[in-house]
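Contents: one structure, followed by commentary.
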Amino acid sequence: MPISRHDPYNVREAAQIIALGIRIEKRRAYGKSTAALERQADRIREQAEARENARAKGRKK
């Protein structure tokens, strides 16, 4: 279930994205690579959007 009607994320996904954002910023501060963490956050976003798009498509019928 999404947090709000404007966001596709549920509470768990939102918490994961926030935690990943914090880890990304910490790694950037130390000058380390953040590509893997950014891909993980992108994967979470894509899955949430796909799930909510499928639900919305099912509701329109």
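Residues in the structure tokens are numbered from 1 in each chain, the chains being A, B, ... in the order shown, and ligands are numbered from 1 in the order shown.
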Inset, instruction - as number ranges by chain, please: all residues of chain A that backbone DSSP puts in helix (DSSP H, G or I). - result: A: 11-29, 35-60
Using only C-alpha atoms, which protein or nucleic acid residues come within 12 Å of Gln47 of chain A? Drop anything in the same chain fewer than 4 positions from it, and give the result as a short mmCIF file (atom, residue, chain, number, x, y, z; two decimals) with C-alpha atoms, in the first residue's frame.
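Okay, result11.cif is ready:
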data_model
loop_
_atom_site.label_atom_id
_atom_site.label_comp_id
_atom_site.auth_asym_id
_atom_site.auth_seq_id
_atom_site.Cartn_x
_atom_site.Cartn_y
_atom_site.Cartn_z
CA PRO A 8 4.35 4.81 -5.50
CA TYR A 9 6.41 3.77 -2.44
CA ASN A 10 5.22 1.83 0.56
CA GLU A 13 10.58 1.15 0.29
CA GLN A 40 19.89 -0.31 -5.78
CA ALA A 41 17.81 2.81 -5.14
CA ASP A 42 16.84 2.98 -8.83
CA ARG A 43 15.78 -0.68 -8.73
CA ARG A 51 3.67 -2.27 -9.14
CA GLU A 52 1.57 0.87 -8.75
CA ASN A 53 1.12 1.24 -12.52
CA ALA A 54 -0.15 -2.34 -12.68
#
Inset, instruction - Write out as a list in words each polymer residue whose atoms come within 8 Å of segment 18-23 of chain A, counting only C-alpha atoms; drop sequence neighbours fewer than 2 positions from it. - result: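 Those residues are Ala14, Ala15, Gln16, Glu25, Lys26, Arg27, Leu37, Glu38 and Ala41 of chain A.
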